[in-house]
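File shown: final-v4.cif (mmCIF, C-alpha atoms).
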```cif
data_start
loop_
_atom_site.group_PDB
_atom_site.id
_atom_site.type_symbol
_atom_site.label_atom_id
_atom_site.label_comp_id
_atom_site.auth_asym_id
_atom_site.auth_seq_id
_atom_site.Cartn_x
_atom_site.Cartn_y
_atom_site.Cartn_z
ATOM 1 C CA MET K 1 45.473 89.601 -41.795
ATOM 2 C CA THR K 2 41.840 89.362 -40.738
ATOM 3 C CA GLN K 3 40.521 86.769 -38.338
ATOM 4 C CA GLN K 4 37.856 85.638 -40.795
ATOM 5 C CA LYS K 5 38.219 82.771 -43.189
ATOM 6 C CA ALA K 6 38.688 83.681 -46.848
ATOM 7 C CA VAL K 7 36.836 81.364 -49.171
ATOM 8 C CA ALA K 8 37.954 81.061 -52.816
ATOM 9 C CA ALA K 9 36.471 79.030 -55.615
ATOM 10 C CA SER K 10 38.755 76.536 -57.287
ATOM 11 C CA LYS K 11 37.419 74.294 -60.100
ATOM 12 C CA GLY K 12 33.927 74.480 -58.776
ATOM 13 C CA LYS K 13 34.965 73.590 -55.217
ATOM 14 C CA GLU K 14 35.418 75.807 -52.257
ATOM 15 C CA LYS K 15 38.982 76.111 -50.897
ATOM 16 C CA VAL K 16 39.453 77.046 -47.266
ATOM 17 C CA VAL K 17 42.272 79.441 -46.530
ATOM 18 C CA LEU K 18 43.447 79.225 -42.914
ATOM 19 C CA THR K 19 43.836 82.321 -40.874
ATOM 20 C CA LEU K 20 46.523 82.979 -38.280
ATOM 21 C CA SER K 21 44.481 81.523 -35.425
ATOM 22 C CA ASP K 22 43.745 78.350 -37.417
ATOM 23 C CA GLU K 23 47.416 77.947 -38.252
ATOM 24 C CA SER K 24 48.335 78.296 -34.572
ATOM 25 C CA ASN K 25 45.808 75.601 -33.614
ATOM 26 C CA TYR K 26 47.172 73.325 -36.320
ATOM 27 C CA MET K 27 50.760 73.730 -35.073
ATOM 28 C CA ALA K 28 49.653 73.037 -31.507
ATOM 29 C CA GLN K 29 47.844 69.849 -32.539
ATOM 30 C CA ARG K 30 50.823 68.760 -34.619
ATOM 31 C CA PHE K 31 53.128 69.304 -31.634
ATOM 32 C CA GLN K 32 50.807 67.245 -29.436
ATOM 33 C CA ARG K 33 50.808 64.406 -31.961
ATOM 34 C CA MET K 34 54.608 64.477 -32.114
ATOM 35 C CA GLN K 35 54.833 64.359 -28.334
ATOM 36 C CA TYR K 36 52.369 61.472 -28.215
ATOM 37 C CA ASN K 37 54.303 59.548 -30.878
ATOM 38 C CA LYS K 38 57.537 60.159 -28.987
ATOM 39 C CA LYS K 39 56.027 58.798 -25.759
ATOM 40 C CA LEU K 40 54.599 55.825 -27.630
ATOM 41 C CA THR K 41 58.005 55.072 -29.158
ATOM 42 C CA ALA K 42 59.697 55.364 -25.767
ATOM 43 C CA LYS K 43 57.073 53.051 -24.221
ATOM 44 C CA LYS K 44 57.644 50.434 -26.921
ATOM 45 C CA ALA K 45 61.412 50.710 -26.397
ATOM 46 C CA ARG K 46 60.983 50.173 -22.625
ATOM 47 C CA LYS K 47 58.802 47.122 -23.242
ATOM 48 C CA ALA K 48 61.342 45.689 -25.673
ATOM 49 C CA LYS K 49 64.163 46.320 -23.194
ATOM 50 C CA ALA K 50 62.208 44.708 -20.361
ATOM 51 C CA LYS K 51 61.407 41.706 -22.559
ATOM 52 C CA ALA K 52 65.074 41.340 -23.528
ATOM 53 C CA ALA K 53 66.060 41.573 -19.846
ATOM 54 C CA LEU K 54 63.570 38.830 -18.920
ATOM 55 C CA GLN K 55 64.873 36.616 -21.709
ATOM 56 C CA HIS K 56 68.460 37.256 -20.596
ATOM 57 C CA ARG K 57 67.549 36.364 -17.006
ATOM 58 C CA ALA K 58 65.679 33.235 -18.110
ATOM 59 C CA ILE K 59 68.787 32.052 -19.945
ATOM 60 C CA ASN K 60 71.293 32.907 -17.195
ATOM 61 C CA ASP K 61 69.327 32.459 -13.971
ATOM 62 C CA PHE K 62 69.810 28.712 -13.605
ATOM 63 C CA SER K 63 72.886 26.757 -12.609
ATOM 64 C CA GLY K 64 72.517 23.992 -15.159
ATOM 65 C CA CYS K 65 73.722 20.471 -14.488
ATOM 66 C CA ILE K 66 75.644 20.299 -11.201
ATOM 67 C CA PRO K 67 78.946 18.425 -11.723
ATOM 68 C CA ASP K 68 79.094 15.154 -9.793
ATOM 69 C CA GLY K 69 82.412 16.026 -8.192
ATOM 70 C CA LEU K 70 81.021 19.143 -6.475
ATOM 71 C CA GLY K 71 78.056 17.427 -4.851
ATOM 72 C CA VAL K 72 74.722 18.804 -3.674
ATOM 73 C CA LYS K 73 73.079 19.810 -0.412
ATOM 74 C CA VAL K 74 69.468 18.802 0.249
ATOM 75 C CA TRP K 75 67.747 22.011 1.304
ATOM 76 C CA GLY K 76 64.427 23.123 2.757
ATOM 77 C CA LEU K 77 61.150 21.387 3.484
ATOM 78 C CA LEU K 78 60.844 20.268 -0.136
ATOM 79 C CA ASP K 79 64.296 18.611 -0.097
ATOM 80 C CA VAL K 80 65.556 20.691 -3.008
ATOM 81 C CA GLU K 81 69.010 19.751 -4.239
ATOM 82 C CA ARG K 82 71.351 22.741 -4.394
ATOM 83 C CA LEU K 83 74.996 23.051 -5.325
ATOM 84 C CA ASN K 84 77.289 22.375 -2.379
ATOM 85 C CA SER K 85 78.931 25.745 -1.724
ATOM 86 C CA CYS K 86 81.949 24.087 -0.109
ATOM 87 C CA PHE K 87 83.521 23.573 -3.584
ATOM 88 C CA THR K 88 85.755 20.820 -2.129
ATOM 89 C CA GLY K 89 87.310 23.406 0.210
ATOM 90 C CA ALA K 90 89.352 25.044 -2.560
ATOM 91 C CA PHE K 91 89.239 28.553 -1.081
ATOM 92 C CA SER K 92 91.708 30.602 0.930
ATOM 93 C CA ASP K 93 91.981 31.429 4.642
ATOM 94 C CA CYS K 94 89.750 34.500 4.429
ATOM 95 C CA VAL K 95 86.725 32.287 3.690
ATOM 96 C CA TYR K 96 84.471 30.505 6.162
ATOM 97 C CA TYR K 97 82.031 27.871 4.928
ATOM 98 C CA SER K 98 78.919 27.280 7.045
ATOM 99 C CA VAL K 99 77.645 23.717 6.693
ATOM 100 C CA HIS K 100 74.250 24.566 8.190
ATOM 101 C CA ASN K 101 73.666 27.574 5.918
ATOM 102 C CA ASN K 102 75.488 26.120 2.898
ATOM 103 C CA ALA K 103 76.876 29.640 2.564
ATOM 104 C CA ILE K 104 80.248 31.329 2.161
ATOM 105 C CA PHE K 105 81.423 34.214 4.347
ATOM 106 C CA VAL K 106 84.495 36.324 3.577
ATOM 107 C CA GLY K 107 86.632 38.869 5.378
ATOM 108 C CA ALA K 108 85.272 40.293 8.605
ATOM 109 C CA ASP K 109 81.925 38.535 8.052
ATOM 110 C CA ALA K 110 83.766 35.192 7.954
ATOM 111 C CA ASN K 111 85.519 35.842 11.249
ATOM 112 C CA GLN K 112 82.284 36.875 12.947
ATOM 113 C CA ALA K 113 80.349 33.888 11.588
ATOM 114 C CA ALA K 114 83.088 31.446 12.605
ATOM 115 C CA ALA K 115 83.410 32.930 16.098
ATOM 116 C CA PHE K 116 79.622 32.771 16.600
ATOM 117 C CA LYS K 117 79.460 29.163 15.404
ATOM 118 C CA TYR K 118 82.334 27.950 17.596
ATOM 119 C CA SER K 119 81.132 29.814 20.707
ATOM 120 C CA SER K 120 77.396 29.024 20.511
ATOM 121 C CA HIS K 121 77.446 25.806 18.419
ATOM 122 C CA GLN K 122 74.464 27.196 16.529
ATOM 123 C CA ARG K 123 73.867 28.218 12.941
ATOM 124 C CA ALA K 124 75.596 31.466 12.042
ATOM 125 C CA LYS K 125 73.225 34.247 11.043
ATOM 126 C CA MET K 126 73.392 35.543 7.491
ATOM 127 C CA PRO K 127 74.692 39.122 7.095
ATOM 128 C CA THR K 128 72.063 41.786 6.480
ATOM 129 C CA SER K 129 74.002 43.569 3.717
ATOM 130 C CA LEU K 130 72.683 43.881 0.172
ATOM 131 C CA VAL K 131 75.376 41.492 -1.069
ATOM 132 C CA TYR K 132 73.602 38.482 0.414
ATOM 133 C CA LYS K 133 70.325 39.658 -1.112
ATOM 134 C CA PHE K 134 71.924 39.201 -4.529
ATOM 135 C CA VAL K 135 73.847 36.009 -3.646
ATOM 136 C CA PRO K 136 72.112 34.196 -0.749
ATOM 137 C CA CYS K 137 74.823 31.513 -0.627
ATOM 138 C CA GLY K 138 77.792 33.890 -0.799
ATOM 139 C CA PHE K 139 79.233 32.441 -3.985
ATOM 140 C CA PRO K 140 76.979 33.138 -6.999
ATOM 141 C CA ARG K 141 75.142 30.006 -8.140
ATOM 142 C CA THR K 142 74.121 31.255 -11.591
ATOM 143 C CA PRO K 143 75.629 33.602 -14.217
ATOM 144 C CA TYR K 144 72.804 36.039 -13.463
ATOM 145 C CA GLU K 145 73.782 36.209 -9.772
ATOM 146 C CA LEU K 146 77.392 36.763 -10.869
ATOM 147 C CA GLU K 147 76.297 39.698 -13.040
ATOM 148 C CA ARG K 148 74.316 41.251 -10.169
ATOM 149 C CA LEU K 149 77.272 40.799 -7.832
ATOM 150 C CA TYR K 150 79.605 42.544 -10.285
ATOM 151 C CA LYS K 151 77.149 45.406 -10.836
ATOM 152 C CA HIS K 152 76.953 45.935 -7.080
ATOM 153 C CA TYR K 153 80.762 45.945 -6.908
ATOM 154 C CA ALA K 154 80.883 48.590 -9.663
ATOM 155 C CA ASN K 155 78.140 50.680 -8.044
ATOM 156 C CA GLU K 156 79.680 53.925 -6.787
ATOM 157 C CA HIS K 157 76.888 54.352 -4.224
ATOM 158 C CA ALA K 158 77.456 50.942 -2.592
ATOM 159 C CA SER K 159 78.938 50.969 0.903
ATOM 160 C CA HIS K 160 82.639 50.330 1.374
ATOM 161 C CA HIS K 161 81.903 47.098 3.266
ATOM 162 C CA ASP K 162 79.756 45.792 0.402
ATOM 163 C CA GLN K 163 82.430 46.612 -2.166
ATOM 164 C CA VAL K 164 85.037 44.698 -0.152
ATOM 165 C CA VAL K 165 82.733 41.686 0.246
ATOM 166 C CA THR K 166 81.788 41.573 -3.452
ATOM 167 C CA TYR K 167 85.439 41.936 -4.469
ATOM 168 C CA LEU K 168 86.509 39.065 -2.209
ATOM 169 C CA LEU K 169 83.650 36.812 -3.315
ATOM 170 C CA ILE K 170 84.389 37.279 -7.019
ATOM 171 C CA ASN K 171 88.127 36.756 -6.546
ATOM 172 C CA GLU K 172 87.662 33.706 -4.314
ATOM 173 C CA LEU K 173 85.332 32.055 -6.824
ATOM 174 C CA LEU K 174 87.862 32.810 -9.554
ATOM 175 C CA LEU K 175 90.607 31.113 -7.518
ATOM 176 C CA VAL K 176 88.348 28.102 -6.932
ATOM 177 C CA ALA K 177 87.559 27.833 -10.661
ATOM 178 C CA GLN K 178 91.269 27.954 -11.495
ATOM 179 C CA LYS K 179 92.039 25.135 -9.033
ATOM 180 C CA LEU K 180 89.296 22.751 -10.148
ATOM 181 C CA ASP K 181 89.379 20.491 -13.161
ATOM 182 C CA LYS K 182 87.395 21.637 -16.196
ATOM 183 C CA SER K 183 84.941 18.776 -15.714
ATOM 184 C CA LEU K 184 83.960 20.287 -12.335
ATOM 185 C CA LEU K 185 83.206 23.796 -13.610
ATOM 186 C CA ASP K 186 79.545 24.812 -13.592
ATOM 187 C CA ARG K 187 78.024 27.531 -15.794
ATOM 188 C CA THR K 188 78.868 30.297 -13.309
ATOM 189 C CA MET K 189 82.549 29.399 -13.066
ATOM 190 C CA GLN K 190 82.788 29.070 -16.843
ATOM 191 C CA ALA K 191 81.312 32.569 -17.255
ATOM 192 C CA LEU K 192 83.753 33.855 -14.631
ATOM 193 C CA LEU K 193 86.789 32.327 -16.343
ATOM 194 C CA TYR K 194 85.977 33.271 -19.913
ATOM 195 C CA ASN K 195 84.649 36.810 -19.380
ATOM 196 C CA PRO K 196 87.545 39.303 -19.070
ATOM 197 C CA ILE K 197 85.530 41.887 -17.077
ATOM 198 C CA TYR K 198 85.874 39.756 -13.938
ATOM 199 C CA ARG K 199 89.665 39.727 -14.051
ATOM 200 C CA ASN K 200 92.070 42.227 -12.523
ATOM 201 C CA LEU K 201 89.380 43.970 -10.484
ATOM 202 C CA GLN K 202 90.510 47.059 -8.622
ATOM 203 C CA SER K 203 90.850 46.202 -4.942
ATOM 204 C CA PRO K 204 88.758 48.360 -2.556
ATOM 205 C CA ILE K 205 90.642 47.002 0.493
ATOM 206 C CA GLN K 206 92.104 49.876 2.508
ATOM 207 C CA GLY K 207 93.441 48.247 5.676
ATOM 208 C CA GLU K 208 93.745 45.119 7.783
ATOM 209 C CA GLU K 209 90.256 45.609 9.175
ATOM 210 C CA ASP K 210 88.876 44.843 5.695
ATOM 211 C CA MET K 211 90.868 41.629 5.378
ATOM 212 C CA ASP K 212 90.305 39.723 8.624
ATOM 213 C CA PHE K 213 91.334 36.107 8.327
ATOM 214 C CA VAL K 214 89.339 33.311 9.897
ATOM 215 C CA VAL K 215 90.796 32.311 13.243
ATOM 216 C CA PRO K 216 91.516 28.543 13.210
ATOM 217 C CA GLN K 217 89.238 27.432 16.055
ATOM 218 C CA HIS K 218 87.884 24.320 14.390
ATOM 219 C CA ILE K 219 90.286 21.666 15.801
ATOM 220 C CA PRO K 220 88.077 18.906 17.317
ATOM 221 C CA THR K 221 88.471 18.434 21.065
ATOM 222 C CA CYS K 222 89.263 14.724 20.575
ATOM 223 C CA PHE K 223 92.522 15.798 18.908
ATOM 224 C CA THR K 224 93.622 18.011 21.801
ATOM 225 C CA CYS K 225 94.679 17.539 25.400
ATOM 226 C CA ILE K 226 95.419 19.843 28.322
ATOM 227 C CA LYS K 227 99.050 19.824 29.440
ATOM 228 C CA GLU K 228 100.227 20.267 33.046
ATOM 229 C CA ASP K 229 100.928 23.954 32.492
ATOM 230 C CA GLY K 230 97.343 24.487 31.303
ATOM 231 C CA THR K 231 98.141 24.881 27.614
ATOM 232 C CA THR K 232 96.435 22.925 24.845
ATOM 233 C CA ALA K 233 98.344 20.562 22.592
ATOM 234 C CA LEU K 234 97.530 17.923 20.017
ATOM 235 C CA HIS K 235 96.763 14.587 21.580
ATOM 236 C CA VAL K 236 99.128 11.718 20.766
ATOM 237 C CA MET K 237 96.879 9.243 19.013
ATOM 238 C CA HIS K 238 97.532 5.544 18.780
ATOM 239 C CA ALA K 239 97.126 3.505 15.618
ATOM 240 C CA PRO K 240 93.620 2.142 14.937
ATOM 241 C CA ASP K 241 92.771 -1.000 16.889
ATOM 242 C CA PRO K 242 93.279 -4.059 14.615
ATOM 243 C CA SER K 243 90.249 -5.724 16.201
ATOM 244 C CA GLN K 244 88.035 -2.842 15.072
ATOM 245 C CA LEU K 245 88.917 -2.593 11.405
ATOM 246 C CA PHE K 246 85.653 -0.864 10.453
ATOM 247 C CA ASN K 247 85.768 1.833 13.113
ATOM 248 C CA LEU K 248 85.820 4.565 10.453
ATOM 249 C CA GLU K 249 85.816 7.444 12.937
ATOM 250 C CA GLN K 250 89.005 6.131 14.517
ATOM 251 C CA ILE K 251 90.610 5.661 11.098
ATOM 252 C CA VAL K 252 89.707 9.153 9.897
ATOM 253 C CA GLN K 253 91.006 10.822 13.064
ATOM 254 C CA TYR K 254 94.314 9.007 12.781
ATOM 255 C CA ALA K 255 94.616 9.664 9.052
ATOM 256 C CA LEU K 256 93.887 13.376 9.466
ATOM 257 C CA ILE K 257 96.945 13.740 11.678
ATOM 258 C CA PHE K 258 99.386 11.176 10.311
ATOM 259 C CA GLY K 259 98.285 10.442 6.746
ATOM 260 C CA TRP K 260 97.180 13.604 4.996
ATOM 261 C CA PRO K 261 98.882 14.737 1.765
ATOM 262 C CA GLY K 262 102.130 16.583 2.275
ATOM 263 C CA LEU K 263 103.622 14.155 4.786
ATOM 264 C CA GLU K 264 106.086 11.413 3.999
ATOM 265 C CA ASN K 265 103.747 8.642 5.207
ATOM 266 C CA ILE K 266 100.884 8.998 2.720
ATOM 267 C CA TRP K 267 97.937 6.661 2.992
ATOM 268 C CA GLN K 268 96.969 5.289 -0.386
ATOM 269 C CA GLY K 269 93.325 4.888 -1.356
ATOM 270 C CA ILE K 270 91.667 7.581 0.781
ATOM 271 C CA ALA K 271 90.181 10.556 -1.056
ATOM 272 C CA PHE K 272 90.745 14.043 0.366
ATOM 273 C CA ASP K 273 89.527 17.406 -0.839
ATOM 274 C CA PHE K 274 91.265 20.786 -0.546
ATOM 275 C CA ALA K 275 89.880 21.246 2.992
ATOM 276 C CA TYR K 276 91.125 17.764 4.003
ATOM 277 C CA HIS K 277 87.610 16.402 4.189
ATOM 278 C CA MET K 278 87.610 12.646 3.673
ATOM 279 C CA HIS K 279 85.296 10.665 1.444
ATOM 280 C CA TRP K 280 83.491 8.057 3.547
ATOM 281 C CA ARG K 281 83.207 5.527 0.712
ATOM 282 C CA THR K 282 86.959 5.534 0.188
ATOM 283 C CA LEU K 283 87.423 5.120 3.944
ATOM 284 C CA PHE K 284 85.210 2.039 3.872
ATOM 285 C CA GLY K 285 87.125 0.696 0.864
ATOM 286 C CA PHE K 286 90.400 1.284 2.732
ATOM 287 C CA ALA K 287 89.074 -0.571 5.799
ATOM 288 C CA LEU K 288 87.769 -3.414 3.628
ATOM 289 C CA CYS K 289 91.161 -3.831 1.951
ATOM 290 C CA GLN K 290 92.823 -3.889 5.367
ATOM 291 C CA ALA K 291 90.401 -6.572 6.510
ATOM 292 C CA LEU K 292 90.921 -8.764 3.452
ATOM 293 C CA CYS K 293 94.673 -8.428 3.115
ATOM 294 C CA ALA K 294 97.037 -10.939 4.673
ATOM 295 C CA THR K 295 98.586 -9.819 7.953
ATOM 296 C CA SER K 296 101.585 -12.092 7.292
ATOM 297 C CA ALA K 297 102.689 -14.951 5.074
ATOM 298 C CA ALA K 298 101.559 -17.443 7.713
ATOM 299 C CA LYS K 299 98.098 -15.852 8.049
ATOM 300 C CA PRO K 300 96.605 -15.410 4.598
ATOM 301 C CA ALA K 301 93.395 -13.461 4.011
ATOM 302 C CA VAL K 302 90.092 -15.241 4.502
#
```

Go through the file and emit its structure as structure tokens.
Amino acid sequence: MTQQKAVAASKGKEKVVLTLSDESNYMAQRFQRMQYNKKLTAKKARKAKAKAALQHRAINDFSGCIPDGLGVKVWGLLDVERLNSCFTGAFSDCVYYSVHNNAIFVGADANQAAAFKYSSHQRAKMPTSLVYKFVPCGFPRTPYELERLYKHYANEHASHHDQVVTYLLINELLLVAQKLDKSLLDRTMQALLYNPIYRNLQSPIQGEEDMDFVVPQHIPTCFTCIKEDGTTALHVMHAPDPSQLFNLEQIVQYALIFGWPGLENIWQGIAFDFAYHMHWRTLFGFALCQALCATSAAKPAV
């Protein structure tokens, strides 16, 4: 075949017959157009995926209405109200809650944070692991943070320490959600309870070093005394002074030792949580009732 174009007449018009070189150029241009269309399609798919991801995050990256029973912590210079991460103390012994950070620590991190707090009486420093980049408060506050925490747990390239921490955090929040009443469940705990992927997670714990329990060093010094042999024991407290009926600190100290749930002598009217924290309003109501009630038949209430 020659390299020149052959021109033929067809119905009074000229018809161009392509040569081999023209056909090669045409195939090359067609291939380029196909490649361009493929890149354009892939670009549109990436944009659609990114848009869907942003919409998904917008829907799931907020905690919603915080249940009244869980309470809030006022945080930062702007006094932002955040969910109280204490969750009424409904977690196990491998968890340490920092009041100053409003954060949850688990496992070895919990023991280190508790030891630092009790020894220095200062705010415990947040761990530098990636886990607390995804969940700054330890427990996830939104369904989106829960998803990121689970993805980090399932990440094969994550460190062993991070996998243990994420596993403990997810399981502890699940235990908390199972203990609380349904009216106290926020959006994150509802997603955790009703999504089966968060159940029966494979444990990455390999030894005792991964499962350090928090050492109980938080007994207030006013409850303890030094014995003659140098050992520490609980101080024998006397009943609250009847002349100081509204000394709430004295009442709460006495009730924590002699009136908490589980003992035979239960004090009625004082609200406790799972960590045996007392509600100050119920303490005041208890003191007010004691002040108004009759001490005897001969001395009626005022």

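Interatomic distance, atom CA of K:Tyr96 against atom CA of K:Asp109: 8.6 Å.
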
What do you get, as a list in words, if you spell out every residue that the PyMOL selection byres ((chain K and resi 181-189) around 7) selects here?
Ser63, Gly64, Ile66, Pro67, Gly69, Leu70, Arg141, Thr142, Pro143, Ala177, Lys179, Leu180, Gln190, Ala191, Leu192 and Leu193 of chain K

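You will find atom CA of K:Val135 at 24.6 Å from atom CA of K:His121.
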
If we count all atoms listed in the file and set the cut-off at 7 Å, which residues sit around stretch 195-205 of chain K, ignoring sequence neighbours fewer than 6 positions away in its own chain? Please answer as a PyMOL selection string.
chain K and resi 163-164+167

For the residues in the current selection, export C-alpha atoms as a PDB file, in the coordinates of the input.
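Saved to part_7.pdb:
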```pdb
ATOM      1  CA  GLN K 163      82.430  46.612  -2.166  1.00  0.00           C
ATOM      2  CA  VAL K 164      85.037  44.698  -0.152  1.00  0.00           C
ATOM      3  CA  TYR K 167      85.439  41.936  -4.469  1.00  0.00           C
TER       4      TYR K 167
END
```

Pick from K:Glu147, K:Asp273, K:Glu228, K:Asp241, whichever lies nearest to K:Ile170 using all atoms listed in the file:
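Between K:Glu147, K:Asp273, K:Glu228, K:Asp241, the residue approaching K:Ile170 most closely is K:Glu147.
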
Rebuild stretch 90-108 of chain K to N, CA, C and O atoms - output it as a PDB file, in the coordinates of the input, please.
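Resulting contents of out.pdb:
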```
ATOM      1  N   ALA K  90      88.261  24.472  -1.761  1.00  0.00           N
ATOM      2  CA  ALA K  90      89.352  25.044  -2.560  1.00  0.00           C
ATOM      3  C   ALA K  90      89.449  26.551  -2.424  1.00  0.00           C
ATOM      4  O   ALA K  90      89.814  27.236  -3.365  1.00  0.00           O
ATOM      5  N   PHE K  91      89.123  27.103  -1.251  1.00  0.00           N
ATOM      6  CA  PHE K  91      89.239  28.553  -1.081  1.00  0.00           C
ATOM      7  C   PHE K  91      90.319  28.878  -0.061  1.00  0.00           C
ATOM      8  O   PHE K  91      90.879  27.991   0.590  1.00  0.00           O
ATOM      9  N   SER K  92      90.580  30.168   0.108  1.00  0.00           N
ATOM     10  CA  SER K  92      91.708  30.602   0.930  1.00  0.00           C
ATOM     11  C   SER K  92      91.280  30.780   2.390  1.00  0.00           C
ATOM     12  O   SER K  92      90.152  30.484   2.776  1.00  0.00           O
ATOM     13  N   ASP K  93      92.214  31.307   3.201  1.00  0.00           N
ATOM     14  CA  ASP K  93      91.981  31.429   4.642  1.00  0.00           C
ATOM     15  C   ASP K  93      91.007  32.538   5.016  1.00  0.00           C
ATOM     16  O   ASP K  93      90.590  32.608   6.173  1.00  0.00           O
ATOM     17  N   CYS K  94      90.670  33.414   4.086  1.00  0.00           N
ATOM     18  CA  CYS K  94      89.750  34.500   4.429  1.00  0.00           C
ATOM     19  C   CYS K  94      88.299  34.090   4.222  1.00  0.00           C
ATOM     20  O   CYS K  94      87.400  34.924   4.285  1.00  0.00           O
ATOM     21  N   VAL K  95      88.067  32.801   3.974  1.00  0.00           N
ATOM     22  CA  VAL K  95      86.725  32.287   3.690  1.00  0.00           C
ATOM     23  C   VAL K  95      86.306  31.334   4.800  1.00  0.00           C
ATOM     24  O   VAL K  95      87.108  30.524   5.275  1.00  0.00           O
ATOM     25  N   TYR K  96      85.062  31.461   5.216  1.00  0.00           N
ATOM     26  CA  TYR K  96      84.471  30.505   6.162  1.00  0.00           C
ATOM     27  C   TYR K  96      83.226  29.908   5.520  1.00  0.00           C
ATOM     28  O   TYR K  96      82.346  30.630   5.045  1.00  0.00           O
ATOM     29  N   TYR K  97      83.177  28.572   5.491  1.00  0.00           N
ATOM     30  CA  TYR K  97      82.031  27.871   4.928  1.00  0.00           C
ATOM     31  C   TYR K  97      81.152  27.356   6.064  1.00  0.00           C
ATOM     32  O   TYR K  97      81.627  26.625   6.936  1.00  0.00           O
ATOM     33  N   SER K  98      79.880  27.735   6.048  1.00  0.00           N
ATOM     34  CA  SER K  98      78.919  27.280   7.045  1.00  0.00           C
ATOM     35  C   SER K  98      78.158  26.089   6.492  1.00  0.00           C
ATOM     36  O   SER K  98      77.446  26.204   5.495  1.00  0.00           O
ATOM     37  N   VAL K  99      78.320  24.926   7.153  1.00  0.00           N
ATOM     38  CA  VAL K  99      77.645  23.717   6.693  1.00  0.00           C
ATOM     39  C   VAL K  99      76.135  23.859   6.837  1.00  0.00           C
ATOM     40  O   VAL K  99      75.363  23.438   5.968  1.00  0.00           O
ATOM     41  N   HIS K 100      75.685  24.464   7.931  1.00  0.00           N
ATOM     42  CA  HIS K 100      74.250  24.566   8.190  1.00  0.00           C
ATOM     43  C   HIS K 100      73.561  25.522   7.220  1.00  0.00           C
ATOM     44  O   HIS K 100      72.427  25.298   6.813  1.00  0.00           O
ATOM     45  N   ASN K 101      74.253  26.602   6.848  1.00  0.00           N
ATOM     46  CA  ASN K 101      73.666  27.574   5.918  1.00  0.00           C
ATOM     47  C   ASN K 101      73.982  27.256   4.465  1.00  0.00           C
ATOM     48  O   ASN K 101      73.365  27.837   3.576  1.00  0.00           O
ATOM     49  N   ASN K 102      74.962  26.371   4.241  1.00  0.00           N
ATOM     50  CA  ASN K 102      75.488  26.120   2.898  1.00  0.00           C
ATOM     51  C   ASN K 102      75.867  27.448   2.241  1.00  0.00           C
ATOM     52  O   ASN K 102      75.546  27.728   1.089  1.00  0.00           O
ATOM     53  N   ALA K 103      76.550  28.284   3.016  1.00  0.00           N
ATOM     54  CA  ALA K 103      76.876  29.640   2.564  1.00  0.00           C
ATOM     55  C   ALA K 103      78.347  29.934   2.828  1.00  0.00           C
ATOM     56  O   ALA K 103      78.980  29.328   3.703  1.00  0.00           O
ATOM     57  N   ILE K 104      78.860  30.893   2.074  1.00  0.00           N
ATOM     58  CA  ILE K 104      80.248  31.329   2.161  1.00  0.00           C
ATOM     59  C   ILE K 104      80.287  32.722   2.783  1.00  0.00           C
ATOM     60  O   ILE K 104      79.538  33.617   2.386  1.00  0.00           O
ATOM     61  N   PHE K 105      81.188  32.905   3.750  1.00  0.00           N
ATOM     62  CA  PHE K 105      81.423  34.214   4.347  1.00  0.00           C
ATOM     63  C   PHE K 105      82.878  34.587   4.094  1.00  0.00           C
ATOM     64  O   PHE K 105      83.764  33.718   4.145  1.00  0.00           O
ATOM     65  N   VAL K 106      83.133  35.869   3.859  1.00  0.00           N
ATOM     66  CA  VAL K 106      84.495  36.324   3.577  1.00  0.00           C
ATOM     67  C   VAL K 106      84.838  37.509   4.465  1.00  0.00           C
ATOM     68  O   VAL K 106      83.962  38.213   4.975  1.00  0.00           O
ATOM     69  N   GLY K 107      86.145  37.706   4.651  1.00  0.00           N
ATOM     70  CA  GLY K 107      86.632  38.869   5.378  1.00  0.00           C
ATOM     71  C   GLY K 107      86.144  38.920   6.810  1.00  0.00           C
ATOM     72  O   GLY K 107      86.129  37.921   7.533  1.00  0.00           O
ATOM     73  N   ALA K 108      85.741  40.112   7.241  1.00  0.00           N
ATOM     74  CA  ALA K 108      85.272  40.293   8.605  1.00  0.00           C
ATOM     75  C   ALA K 108      84.009  39.487   8.879  1.00  0.00           C
ATOM     76  O   ALA K 108      83.814  38.986   9.991  1.00  0.00           O
TER      77      ALA K 108
END
```
